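Engineer: Here you go, this is run_15.csv (CSV, C-alpha atoms).
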```csv
chain,number,residue,atom,x,y,z
A,1,MET,CA,-15.4,-40.6,-31.6
A,2,SER,CA,-17.6,-40.4,-28.5
A,3,ALA,CA,-16.6,-41.1,-25.0
A,4,ASP,CA,-14.9,-44.4,-24.7
A,5,ARG,CA,-15.7,-47.3,-22.4
A,6,ALA,CA,-13.3,-46.0,-19.8
A,7,GLY,CA,-15.3,-42.8,-19.5
A,8,ARG,CA,-12.7,-40.6,-21.1
A,9,ALA,CA,-14.3,-37.7,-22.9
A,10,GLU,CA,-13.5,-36.7,-26.5
A,11,MET,CA,-11.0,-33.9,-27.0
A,12,VAL,CA,-11.7,-30.6,-28.8
A,13,ILE,CA,-8.9,-28.0,-29.4
A,14,LEU,CA,-9.9,-24.4,-30.0
A,15,THR,CA,-7.9,-21.3,-30.5
A,16,GLY,CA,-8.4,-17.5,-30.4
A,17,ASN,CA,-6.7,-14.9,-32.5
A,18,SER,CA,-3.6,-14.3,-30.3
A,19,TYR,CA,-1.2,-16.8,-32.0
A,20,PRO,CA,-2.9,-19.1,-34.6
A,21,GLU,CA,0.5,-20.4,-35.9
A,22,LEU,CA,1.4,-21.8,-32.5
A,23,ALA,CA,-2.0,-23.4,-32.1
A,24,GLU,CA,-1.5,-25.1,-35.5
A,25,ASN,CA,1.9,-26.4,-34.5
A,26,ILE,CA,0.4,-27.8,-31.3
A,27,SER,CA,-2.7,-29.4,-32.8
A,28,SER,CA,-0.7,-30.9,-35.7
A,29,ARG,CA,0.7,-33.4,-33.2
A,30,ILE,CA,-2.7,-34.3,-31.6
A,31,LYS,CA,-5.7,-33.6,-33.8
A,32,PRO,CA,-7.0,-30.8,-36.1
A,33,LEU,CA,-8.3,-27.6,-34.5
A,34,GLY,CA,-12.0,-27.4,-33.8
A,35,GLU,CA,-14.3,-25.0,-35.8
A,36,CYS,CA,-14.5,-21.7,-33.9
A,37,VAL,CA,-14.6,-18.1,-35.1
A,38,VAL,CA,-13.6,-15.2,-32.9
A,39,PHE,CA,-14.3,-11.8,-34.4
A,40,LYS,CA,-15.3,-8.2,-33.7
A,41,ASN,CA,-18.2,-6.3,-35.2
A,42,SER,CA,-18.3,-2.6,-36.0
A,43,ASP,CA,-19.2,-2.0,-32.3
A,44,LYS,CA,-15.7,-3.4,-31.3
A,45,GLU,CA,-17.3,-6.0,-29.1
A,46,THR,CA,-15.8,-9.6,-29.2
A,47,HIS,CA,-18.0,-12.3,-30.6
A,48,VAL,CA,-17.4,-16.1,-30.4
A,49,GLU,CA,-19.1,-18.7,-32.5
A,50,ILE,CA,-18.3,-22.4,-31.9
A,51,HIS,CA,-19.4,-24.5,-34.9
A,52,GLU,CA,-19.2,-27.9,-33.3
A,53,SER,CA,-20.6,-29.6,-30.2
A,54,VAL,CA,-18.5,-29.5,-27.0
A,55,ARG,CA,-21.1,-31.2,-24.8
A,56,SER,CA,-19.4,-33.6,-22.3
A,57,LYS,CA,-16.0,-33.1,-24.0
A,58,ASP,CA,-12.6,-32.0,-22.9
A,59,VAL,CA,-12.0,-28.6,-24.5
A,60,PHE,CA,-8.5,-27.1,-24.7
A,61,ILE,CA,-8.4,-23.4,-25.6
A,62,ILE,CA,-5.0,-22.2,-26.8
A,63,GLN,CA,-4.7,-18.5,-26.2
A,64,THR,CA,-1.4,-16.9,-25.3
A,65,GLY,CA,-0.7,-13.3,-24.3
A,66,SER,CA,0.8,-10.8,-26.7
A,67,THR,CA,2.3,-7.4,-26.5
A,68,LYS,CA,-0.2,-6.0,-29.1
A,69,ASP,CA,-3.6,-6.8,-27.5
A,70,PRO,CA,-3.3,-8.4,-24.1
A,71,ASN,CA,-6.7,-7.2,-23.1
A,72,ASP,CA,-8.3,-8.6,-26.2
A,73,ASN,CA,-6.5,-11.9,-25.7
A,74,LEU,CA,-8.0,-12.3,-22.2
A,75,MET,CA,-11.5,-11.2,-23.3
A,76,GLU,CA,-11.5,-13.7,-26.1
A,77,LEU,CA,-10.4,-16.5,-23.8
A,78,MET,CA,-13.0,-15.7,-21.2
A,79,ILE,CA,-15.8,-15.5,-23.7
A,80,MET,CA,-14.7,-18.8,-25.4
A,81,SER,CA,-14.5,-20.4,-21.9
A,82,TYR,CA,-17.9,-19.2,-20.9
A,83,ALA,CA,-19.4,-20.3,-24.2
A,84,CYS,CA,-18.0,-23.8,-23.6
A,85,LYS,CA,-19.3,-23.7,-20.0
A,86,THR,CA,-22.8,-22.9,-21.0
A,87,SER,CA,-22.6,-25.6,-23.7
A,88,CYS,CA,-22.0,-28.2,-21.0
A,89,ALA,CA,-18.4,-29.0,-21.8
A,90,ARG,CA,-16.9,-31.6,-19.3
A,91,ASN,CA,-13.6,-29.9,-18.8
A,92,ILE,CA,-12.3,-26.5,-20.0
A,93,ILE,CA,-8.5,-26.2,-20.0
A,94,GLY,CA,-6.9,-22.9,-20.8
A,95,VAL,CA,-3.5,-23.3,-22.6
A,96,LEU,CA,-1.7,-19.9,-22.0
A,97,PRO,CA,2.0,-20.3,-22.9
A,98,TYR,CA,2.4,-16.7,-21.7
A,99,LEU,CA,0.0,-15.5,-19.0
A,100,PRO,CA,-0.9,-11.8,-19.4
A,101,TYR,CA,-0.5,-9.5,-16.4
A,102,SER,CA,1.8,-12.0,-14.7
A,103,LYS,CA,4.2,-9.1,-14.0
A,104,GLN,CA,1.6,-7.5,-11.8
A,105,SER,CA,1.7,-10.1,-9.1
A,106,LYS,CA,2.8,-7.9,-6.2
A,107,GLN,CA,1.4,-4.9,-4.4
A,108,ASN,CA,2.9,-1.7,-5.7
A,109,LYS,CA,2.2,1.6,-3.8
A,110,ARG,CA,-1.5,2.3,-3.9
A,111,GLY,CA,-2.1,-0.1,-6.8
A,112,CYS,CA,-3.5,-3.6,-6.6
A,113,ILE,CA,-2.4,-7.2,-7.4
A,114,THR,CA,-3.9,-7.2,-10.9
A,115,MET,CA,-2.8,-10.8,-11.6
A,116,LYS,CA,-5.1,-12.1,-8.8
A,117,LEU,CA,-8.1,-10.3,-10.4
A,118,VAL,CA,-7.2,-11.9,-13.8
A,119,ALA,CA,-7.0,-15.3,-12.2
A,120,GLN,CA,-10.4,-15.0,-10.5
A,121,MET,CA,-12.0,-13.8,-13.8
A,122,LEU,CA,-10.6,-16.7,-15.7
A,123,VAL,CA,-12.0,-19.2,-13.1
A,124,LYS,CA,-15.3,-17.4,-13.0
A,125,ALA,CA,-15.5,-17.6,-16.8
A,126,GLY,CA,-15.4,-21.4,-16.6
A,127,LEU,CA,-11.8,-22.6,-16.8
A,128,THR,CA,-11.2,-25.8,-14.8
A,129,HIS,CA,-7.5,-26.1,-15.5
A,130,VAL,CA,-4.6,-23.9,-16.7
A,131,ILE,CA,-1.4,-24.9,-18.6
A,132,THR,CA,1.3,-22.2,-18.8
A,133,ILE,CA,5.0,-21.9,-19.1
A,134,ASP,CA,7.5,-20.2,-16.7
A,135,LEU,CA,5.3,-18.0,-14.7
A,136,HIS,CA,7.0,-14.7,-13.7
A,137,GLN,CA,6.4,-15.6,-10.1
A,138,LYS,CA,5.6,-19.2,-9.0
A,139,GLU,CA,3.2,-17.8,-6.3
A,140,ILE,CA,0.8,-16.9,-9.1
A,141,GLN,CA,-0.4,-20.5,-9.0
A,142,GLY,CA,-2.0,-19.7,-5.7
A,143,PHE,CA,-4.2,-17.0,-7.2
A,144,PHE,CA,-6.2,-19.7,-9.0
A,145,ASP,CA,-8.8,-22.0,-7.4
A,146,ILE,CA,-8.1,-24.6,-10.1
A,147,PRO,CA,-5.1,-26.7,-11.0
A,148,VAL,CA,-2.3,-24.9,-12.7
A,149,ASP,CA,0.5,-26.7,-14.5
A,150,ASN,CA,3.5,-24.4,-14.7
A,151,LEU,CA,5.7,-26.1,-17.4
A,152,ARG,CA,9.4,-25.3,-17.9
A,153,ALA,CA,11.1,-24.3,-21.1
A,154,SER,CA,14.6,-24.7,-19.6
A,155,SER,CA,15.3,-28.1,-21.3
A,156,PHE,CA,14.7,-26.6,-24.7
A,157,LEU,CA,16.9,-23.6,-24.1
A,158,MET,CA,19.7,-25.8,-22.7
A,159,ASP,CA,19.5,-28.0,-25.8
A,160,TYR,CA,20.0,-24.8,-27.9
A,161,ILE,CA,23.1,-23.9,-25.8
A,162,LYS,CA,24.6,-27.4,-26.4
A,163,GLU,CA,23.8,-27.6,-30.1
A,164,GLN,CA,24.1,-24.0,-31.3
A,165,ILE,CA,26.7,-22.2,-29.2
A,166,PRO,CA,30.3,-23.2,-30.1
A,167,ASP,CA,32.6,-23.8,-27.1
A,168,TRP,CA,29.7,-23.5,-24.7
A,169,ARG,CA,31.7,-25.3,-22.0
A,170,ASN,CA,33.8,-22.1,-21.7
A,171,ALA,CA,30.6,-20.2,-20.8
A,172,VAL,CA,29.4,-18.7,-17.5
A,173,ILE,CA,25.7,-18.3,-16.7
A,174,VAL,CA,24.9,-14.7,-15.7
A,175,ALA,CA,22.1,-13.4,-13.5
A,176,ARG,CA,21.3,-9.8,-14.4
A,177,LYS,CA,19.9,-9.1,-10.9
A,178,PRO,CA,20.7,-10.7,-7.6
A,179,ASN,CA,17.2,-11.9,-7.1
A,180,GLN,CA,17.5,-14.0,-10.3
A,181,ALA,CA,20.5,-16.0,-8.9
A,182,LYS,CA,18.3,-18.9,-7.8
A,183,ARG,CA,17.0,-19.5,-11.3
A,184,VAL,CA,20.4,-19.1,-12.9
A,185,THR,CA,21.8,-21.7,-10.4
A,186,GLY,CA,19.5,-24.3,-11.9
A,187,PHE,CA,20.8,-23.8,-15.4
A,188,ALA,CA,24.4,-23.8,-14.2
A,189,GLN,CA,24.1,-27.0,-12.2
A,190,ARG,CA,22.6,-28.9,-15.1
A,191,LEU,CA,25.2,-27.6,-17.6
A,192,LYS,CA,28.0,-27.9,-15.0
A,193,LEU,CA,29.1,-24.3,-15.5
A,194,ASN,CA,29.9,-21.4,-13.2
A,195,ILE,CA,27.7,-18.4,-12.5
A,196,ALA,CA,28.1,-14.7,-12.2
A,197,VAL,CA,25.8,-12.0,-10.8
A,198,ILE,CA,25.5,-8.4,-11.8
A,199,HIS,CA,24.6,-6.1,-9.0
A,200,GLY,CA,24.4,-2.3,-8.6
A,201,CYS,CA,22.5,0.5,-10.1
A,202,GLN,CA,19.8,-0.8,-12.5
A,203,ASP,CA,16.6,1.1,-13.0
A,204,GLN,CA,14.0,-1.6,-12.7
A,205,GLU,CA,10.7,-0.9,-14.4
A,206,GLY,CA,7.8,-0.7,-11.9
A,207,GLU,CA,10.2,-0.9,-8.9
A,208,ILE,CA,11.6,2.6,-8.8
A,209,GLU,CA,10.9,4.2,-5.4
A,210,GLU,CA,8.7,7.3,-5.6
A,211,THR,CA,7.3,9.6,-3.0
A,212,ASP,CA,3.6,8.9,-2.8
A,213,GLY,CA,2.7,10.8,0.4
A,214,ARG,CA,2.2,7.9,2.8
A,215,ASN,CA,5.3,8.8,4.7
A,216,SER,CA,4.8,12.5,4.7
A,217,PRO,CA,4.4,14.4,8.1
A,218,PRO,CA,1.0,15.6,9.2
A,219,PRO,CA,-0.2,19.0,8.1
A,220,SER,CA,1.0,22.0,10.1
A,221,SER,CA,-1.3,23.8,12.5
A,222,SER,CA,-1.3,26.9,10.2
A,223,SER,CA,-3.3,25.0,7.7
A,224,GLY,CA,-6.2,24.8,10.1
A,225,LEU,CA,-6.6,21.0,9.5
A,226,VAL,CA,-5.3,19.8,12.9
A,227,ASN,CA,-5.6,20.8,16.5
A,228,PRO,CA,-2.9,23.5,17.1
A,229,ILE,CA,-0.9,21.5,19.6
A,230,SER,CA,2.8,21.7,19.2
A,231,MET,CA,4.6,18.5,18.3
A,232,SER,CA,6.9,18.9,21.3
A,233,ALA,CA,3.8,18.9,23.7
A,234,ARG,CA,2.8,15.5,22.5
A,235,ARG,CA,4.1,12.6,24.6
A,236,SER,CA,4.2,8.9,23.9
A,237,VAL,CA,4.2,6.0,26.3
A,238,PHE,CA,7.2,4.7,24.4
A,239,THR,CA,10.5,6.6,24.3
A,240,VAL,CA,12.6,6.3,21.2
A,241,PRO,CA,16.3,6.7,22.1
A,242,SER,CA,18.2,9.3,20.1
A,243,LEU,CA,21.0,7.6,18.2
A,244,ALA,CA,24.0,9.8,17.5
A,245,LEU,CA,25.4,8.4,14.2
A,246,GLY,CA,27.6,11.4,13.4
A,247,GLU,CA,27.7,11.8,9.6
A,248,GLN,CA,24.5,10.4,8.0
A,249,ILE,CA,24.9,7.8,5.4
A,250,ASN,CA,22.3,7.4,2.6
A,251,VAL,CA,21.6,3.7,3.0
A,252,LYS,CA,19.4,3.7,-0.1
A,253,GLY,CA,22.1,5.2,-2.3
A,254,LYS,CA,22.6,3.3,-5.6
A,255,LEU,CA,25.9,1.4,-6.1
A,256,PRO,CA,27.7,1.3,-9.4
A,257,MET,CA,27.1,-1.8,-11.5
A,258,ASP,CA,29.6,-4.5,-11.2
A,259,VAL,CA,30.0,-8.2,-11.8
A,260,VAL,CA,30.4,-10.8,-9.0
A,261,GLY,CA,32.2,-13.8,-10.7
A,262,ASP,CA,34.9,-14.3,-13.4
A,263,VAL,CA,33.7,-13.6,-17.0
A,264,SER,CA,37.1,-12.7,-18.4
A,265,SER,CA,37.7,-14.6,-21.7
A,266,ARG,CA,34.4,-16.4,-21.3
A,267,ILE,CA,31.1,-16.7,-23.1
A,268,ALA,CA,28.5,-14.9,-21.0
A,269,ILE,CA,25.0,-16.3,-21.1
A,270,ILE,CA,22.3,-14.1,-19.5
A,271,VAL,CA,19.3,-16.1,-18.4
A,272,GLU,CA,15.9,-14.4,-17.9
A,273,ASP,CA,12.3,-15.6,-17.7
A,274,MET,CA,11.1,-12.8,-20.0
A,275,ILE,CA,12.6,-10.0,-22.1
A,276,ASP,CA,10.8,-6.8,-21.4
A,277,ASP,CA,13.6,-4.5,-20.2
A,278,VAL,CA,15.9,-4.3,-23.3
A,279,PRO,CA,17.8,-1.2,-22.2
A,280,GLY,CA,18.7,-3.1,-19.0
A,281,LEU,CA,20.0,-6.0,-21.0
A,282,VAL,CA,22.1,-3.7,-23.2
A,283,GLN,CA,23.5,-2.1,-20.1
A,284,ALA,CA,24.4,-5.6,-18.7
A,285,ALA,CA,26.0,-6.6,-22.0
A,286,ASP,CA,28.2,-3.6,-21.9
A,287,ILE,CA,29.5,-4.2,-18.4
A,288,LEU,CA,30.1,-7.9,-19.2
A,289,SER,CA,32.0,-7.0,-22.3
A,290,ASP,CA,34.0,-4.4,-20.3
A,291,ARG,CA,34.9,-7.2,-17.8
A,292,GLY,CA,36.3,-9.4,-20.6
A,293,ALA,CA,33.5,-11.5,-21.9
A,294,TYR,CA,34.1,-12.1,-25.6
A,295,LYS,CA,30.6,-13.3,-26.5
A,296,ILE,CA,27.3,-12.5,-24.9
A,297,TYR,CA,24.0,-14.4,-25.3
A,298,VAL,CA,20.6,-13.8,-23.8
A,299,LEU,CA,18.2,-16.7,-23.2
A,300,ALA,CA,14.6,-16.2,-22.1
A,301,THR,CA,11.3,-18.0,-22.3
A,302,HIS,CA,9.1,-15.1,-23.2
A,303,GLY,CA,10.2,-12.5,-25.8
A,304,LEU,CA,8.1,-9.3,-25.2
A,305,PHE,CA,9.8,-7.1,-27.8
A,306,THR,CA,8.1,-3.7,-27.5
A,307,SER,CA,8.7,-0.4,-29.2
A,308,ASP,CA,12.3,0.0,-30.3
A,309,ALA,CA,13.6,-3.2,-28.6
A,310,PRO,CA,14.7,-5.0,-31.8
A,311,LEU,CA,16.8,-1.9,-32.9
A,312,LEU,CA,18.4,-1.7,-29.5
A,313,ILE,CA,19.4,-5.3,-29.6
A,314,GLU,CA,20.7,-5.0,-33.2
A,315,GLN,CA,23.0,-2.2,-32.2
A,316,SER,CA,24.2,-3.7,-28.9
A,317,ARG,CA,27.1,-6.0,-28.0
A,318,ILE,CA,24.7,-9.0,-27.6
A,319,CYS,CA,25.5,-11.7,-30.1
A,320,GLU,CA,22.1,-13.5,-30.0
A,321,VAL,CA,18.8,-13.3,-28.1
A,322,ILE,CA,17.2,-16.7,-27.9
A,323,VAL,CA,13.5,-16.9,-26.9
A,324,THR,CA,10.8,-19.5,-27.3
A,325,ASN,CA,7.6,-19.0,-29.3
A,326,THR,CA,5.3,-18.5,-26.4
A,327,VAL,CA,4.6,-15.0,-27.7
A,328,PRO,CA,4.4,-13.9,-31.3
A,329,HIS,CA,7.5,-12.0,-32.3
A,330,GLU,CA,7.8,-12.5,-36.1
A,331,PHE,CA,7.9,-8.7,-36.8
A,332,ALA,CA,10.7,-8.2,-34.3
A,333,LYS,CA,12.7,-10.9,-36.1
A,334,LEU,CA,12.4,-9.0,-39.3
A,335,GLN,CA,13.9,-5.9,-37.6
A,336,CYS,CA,16.7,-7.7,-35.8
A,337,SER,CA,18.7,-10.6,-37.2
A,338,LYS,CA,20.0,-11.5,-33.7
A,339,ILE,CA,16.7,-12.8,-32.4
A,340,LYS,CA,16.4,-16.7,-32.6
A,341,THR,CA,13.4,-18.8,-31.8
A,342,VAL,CA,13.1,-22.2,-30.1
A,343,ASP,CA,9.9,-24.1,-30.7
A,344,ILE,CA,8.1,-25.4,-27.6
A,345,SER,CA,4.9,-26.6,-29.3
A,346,LEU,CA,6.1,-30.2,-28.5
A,347,LEU,CA,6.0,-29.5,-24.8
A,348,LEU,CA,2.5,-28.1,-24.9
A,349,SER,CA,1.1,-30.8,-27.1
A,350,GLU,CA,2.5,-33.5,-24.8
A,351,ALA,CA,1.0,-31.7,-21.8
A,352,ILE,CA,-2.4,-31.6,-23.5
A,353,ARG,CA,-2.2,-35.3,-24.4
A,354,ARG,CA,-1.3,-36.3,-20.9
A,355,ILE,CA,-4.0,-34.3,-19.2
A,356,HIS,CA,-6.6,-35.6,-21.6
A,357,ASN,CA,-5.5,-39.2,-21.0
A,358,GLN,CA,-5.2,-38.6,-17.2
A,359,GLU,CA,-1.5,-39.5,-17.2
A,360,SER,CA,1.1,-38.1,-14.8
A,361,MET,CA,2.6,-34.8,-15.6
A,362,SER,CA,5.8,-35.5,-13.6
A,363,TYR,CA,7.5,-36.8,-16.8
A,364,LEU,CA,7.6,-33.3,-18.2
A,365,PHE,CA,9.5,-32.1,-15.1
A,366,ARG,CA,12.0,-35.0,-15.0
A,367,ASP,CA,15.0,-32.8,-16.0
A,368,VAL,CA,14.0,-29.8,-13.9
A,369,GLU,CA,15.9,-28.7,-10.9
A,370,PRO,CA,14.1,-27.3,-7.8
A,371,ASN,CA,15.8,-24.0,-8.4
A,372,ASP,CA,14.2,-23.5,-11.8
```
What does the file become when written as structure tokens?

Structural biologist:
Amino acid sequence: MSADRAGRAEMVILTGNSYPELAENISSRIKPLGECVVFKNSDKETHVEIHESVRSKDVFIIQTGSTKDPNDNLMELMIMSYACKTSCARNIIGVLPYLPYSKQSKQNKRGCITMKLVAQMLVKAGLTHVITIDLHQKEIQGFFDIPVDNLRASSFLMDYIKEQIPDWRNAVIVARKPNQAKRVTGFAQRLKLNIAVIHGCQDQEGEIEETDGRNSPPPSSSSGLVNPISMSARRSVFTVPSLALGEQINVKGKLPMDVVGDVSSRIAIIVEDMIDDVPGLVQAADILSDRGAYKIYVLATHGLFTSDAPLLIEQSRICEVIVTNTVPHEFAKLQCSKIKTVDISLLLSEAIRRIHNQESMSYLFRDVEPND
């Protein structure tokens, strides 16, 4: 079918190698996948061959991030996008259920905001629109110079709670960190449940303070690197008063983990956007169990099960870990019987259909609270 009388272009759906099963589930509700081959030669360079015309068409490229080869996933997407761009595609929409590098969206020490670089590369490669689910930080949308639809998987996860967790009305929604309380509040309000917050000592990956030298004093005069003028001889136009505080208190000292809220004789449901810190989840499950919770569930949109994560979950006090299929995790499910999957291909296929037909996307956010 060519462009119709209303000027709407024909749709083409392509996929890379990151998650072919999810792409098949999505396309089965719309139209068959287009003919495209993505492969590597002996030189390990990525090659893309599109075997059908994309000229003046709306091209949707389904390519999620994975824990196995996130760099290859991005490179495949950019090459596919550029191939469509140089073939005069009308619109090129990237469908990334999980956006790689989304955890690197803040400045850390002498590093950089890697997510902004990734966003700029994707736009430069030719993407004109991005569809994703539950960004790690909502501000990531501002890194793109193109429209970004950040869909929510919360409705699917809440349906799982109501249908699969017995006596869910006796549950309490738990935030594993204080800065996650806002997201948890959205779940609790819609389920009409109470919340609890875990606070205290938790080693957060990538956020542990380390001495990097920026606050170190200037080198001494004996090193020969500075003018040998004593520090006491230096004067400032500003005088800093001396505060006698008596015994010094380490304000950065870590507090022991504790729970704010009543979880005794309740089902505890920990809500996350992604699972990448399994030891932290196991630690949280232990303290919730010690405080009287008799069942512990973990809900998350993205399941990034790395290294020995499935084994840690299997041996923990967690009853079930429920994630969506934004990231392939079939091998992890073989290692751990507690991992359950919620299919969100319906959400993505409806988003693709609405964007192609130029319909409003607000319908997909009708059950979403501002706190989500």

Engineer: Give me the residues within 7 Å of Met274 in chain A as a ChimeraX atom specification, counting only C-alpha atoms and dropping any in the same chain fewer than 3 places off.

Structural biologist: /A:300-304

Engineer: Can you measure CA of Arg353 in chain A to CA of Tyr82 in chain A for me? One decimal in Å is fine.

Structural biologist: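 Going from CA of Arg353 in chain A over to CA of Tyr82 in chain A covers 22.8 Å.
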
Engineer: Would you mind listing what lies within 10 Å of Thr341 in chain A as a list in words, with only C-alpha atoms counted and same-chain residues fewer than 6 positions away left out?

Structural biologist: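 Here the answer would be Leu157, Tyr160, Thr301, Gly303, Val321, Ile322, Val323, Thr324, Asn325, Thr326, His329, Glu330 and Lys333 of chain A.
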
Engineer: Using all atoms listed in the file, which of A:Pro178, A:Asp72, A:Ser42, A:Val327 sits nearest Tyr19 in chain A?

Structural biologist: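 Ranked by minimum distance to Tyr19 in chain A, first place goes to A:Val327.
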
Engineer: What lies within 10 Å of Cys88 in chain A using only C-alpha atoms, ignoring chain neighbours under 5 positions off, as a PyMOL selection string?

Structural biologist: chain A and resi 53-57+82-83

Engineer: Which is closer to Arg152 in chain A than all the others in A:Gly186, A:Gly126, A:Pro166, A:Pro328, using all atoms listed in the file?

Structural biologist: A:Gly186

Engineer: Mind giving me the straight-line distance from CA of Ile318 in chain A to CA of Leu96 in chain A in Å, one decimal?

Structural biologist: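 Between CA of Ile318 in chain A and CA of Leu96 in chain A the gap works out to 29.1 Å.
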
Engineer: Please list as a PyMOL selection string every residue within 10 Å of range 279-287 of chain A, counting only C-alpha atoms and excluding residues in the same chain fewer than 2 positions away.

Structural biologist: chain A and resi 174-177+198-199+202-205+257-259+268-270+272+275-277+289-293+295-298+308-309+312-313+315-319

Engineer: Can you spit out the residues from that selection as a short mmCIF file (atom, residue, chain, number, x, y, z; two decimals), in the coordinates of the input, using C-alpha atoms?

Structural biologist:
```cif
data_model
loop_
_atom_site.label_atom_id
_atom_site.label_comp_id
_atom_site.auth_asym_id
_atom_site.auth_seq_id
_atom_site.Cartn_x
_atom_site.Cartn_y
_atom_site.Cartn_z
CA VAL A 174 24.90 -14.70 -15.70
CA ALA A 175 22.10 -13.40 -13.50
CA ARG A 176 21.30 -9.80 -14.40
CA LYS A 177 19.90 -9.10 -10.90
CA ILE A 198 25.50 -8.40 -11.80
CA HIS A 199 24.60 -6.10 -9.00
CA GLN A 202 19.80 -0.80 -12.50
CA ASP A 203 16.60 1.10 -13.00
CA GLN A 204 14.00 -1.60 -12.70
CA GLU A 205 10.70 -0.90 -14.40
CA MET A 257 27.10 -1.80 -11.50
CA ASP A 258 29.60 -4.50 -11.20
CA VAL A 259 30.00 -8.20 -11.80
CA ALA A 268 28.50 -14.90 -21.00
CA ILE A 269 25.00 -16.30 -21.10
CA ILE A 270 22.30 -14.10 -19.50
CA GLU A 272 15.90 -14.40 -17.90
CA ILE A 275 12.60 -10.00 -22.10
CA ASP A 276 10.80 -6.80 -21.40
CA ASP A 277 13.60 -4.50 -20.20
CA SER A 289 32.00 -7.00 -22.30
CA ASP A 290 34.00 -4.40 -20.30
CA ARG A 291 34.90 -7.20 -17.80
CA GLY A 292 36.30 -9.40 -20.60
CA ALA A 293 33.50 -11.50 -21.90
CA LYS A 295 30.60 -13.30 -26.50
CA ILE A 296 27.30 -12.50 -24.90
CA TYR A 297 24.00 -14.40 -25.30
CA VAL A 298 20.60 -13.80 -23.80
CA ASP A 308 12.30 0.00 -30.30
CA ALA A 309 13.60 -3.20 -28.60
CA LEU A 312 18.40 -1.70 -29.50
CA ILE A 313 19.40 -5.30 -29.60
CA GLN A 315 23.00 -2.20 -32.20
CA SER A 316 24.20 -3.70 -28.90
CA ARG A 317 27.10 -6.00 -28.00
CA ILE A 318 24.70 -9.00 -27.60
CA CYS A 319 25.50 -11.70 -30.10
#
```

Engineer: Would you mind reading off the distance between CA of Lys68 in chain A and CA of Leu346 in chain A, one decimal, in Å?

Structural biologist: 25.0 Å

Engineer: Could you check which residues have any atom within 12 Å of (-4.9, -18.4, -9.5), counting all atoms listed in the file with coordinates taken straight from the file, and then list them as a PyMOL selection string?

Structural biologist: chain A and resi 99+102+105+113-124+127-132+135+137-150

Engineer: I'd like the contact shell of Ser349 in chain A - 8 Å cut-off, only C-alpha atoms, skipping same-chain residues fewer than 2 positions apart - returned as a PDB file with C-alpha atoms, in the frame of the given file.

Structural biologist:
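Done, and the output landed in out14.pdb:
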```pdb
ATOM      1  CA  ILE A  26       0.400 -27.800 -31.300  1.00  0.00           C
ATOM      2  CA  SER A  27      -2.700 -29.400 -32.800  1.00  0.00           C
ATOM      3  CA  ARG A  29       0.700 -33.400 -33.200  1.00  0.00           C
ATOM      4  CA  ILE A  30      -2.700 -34.300 -31.600  1.00  0.00           C
ATOM      5  CA  SER A 345       4.900 -26.600 -29.300  1.00  0.00           C
ATOM      6  CA  LEU A 346       6.100 -30.200 -28.500  1.00  0.00           C
ATOM      7  CA  LEU A 347       6.000 -29.500 -24.800  1.00  0.00           C
ATOM      8  CA  ALA A 351       1.000 -31.700 -21.800  1.00  0.00           C
ATOM      9  CA  ILE A 352      -2.400 -31.600 -23.500  1.00  0.00           C
ATOM     10  CA  ARG A 353      -2.200 -35.300 -24.400  1.00  0.00           C
TER      11      ARG A 353
END
```

Engineer: Which residue, A:Ala181, A:Pro97, A:Val59, A:Ser66, has the smallest gap to Lys85 in chain A when you use only C-alpha atoms?

Structural biologist: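 Counting only C-alpha atoms, the residue closest to Lys85 in chain A is A:Val59.
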
Engineer: Which residue out of A:Val37, A:Glu314, A:Tyr101, A:His136 has the minimum interatomic distance to Glu52 in chain A when all atoms listed in the file are used?

Structural biologist: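 Result for the nearest residue to Glu52 in chain A: A:Val37.
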
Engineer: Counting only C-alpha atoms, which of A:Glu21, A:Asp262, A:Asp69, A:Asp58 gets nearest to Ile355 in chain A?

Structural biologist: A:Asp58

Engineer: Of the residues A:Tyr98, A:Phe331, A:Tyr363, A:Trp168, which is the one nearest to Asp273 in chain A, using all atoms listed in the file?

Structural biologist: A:Tyr98
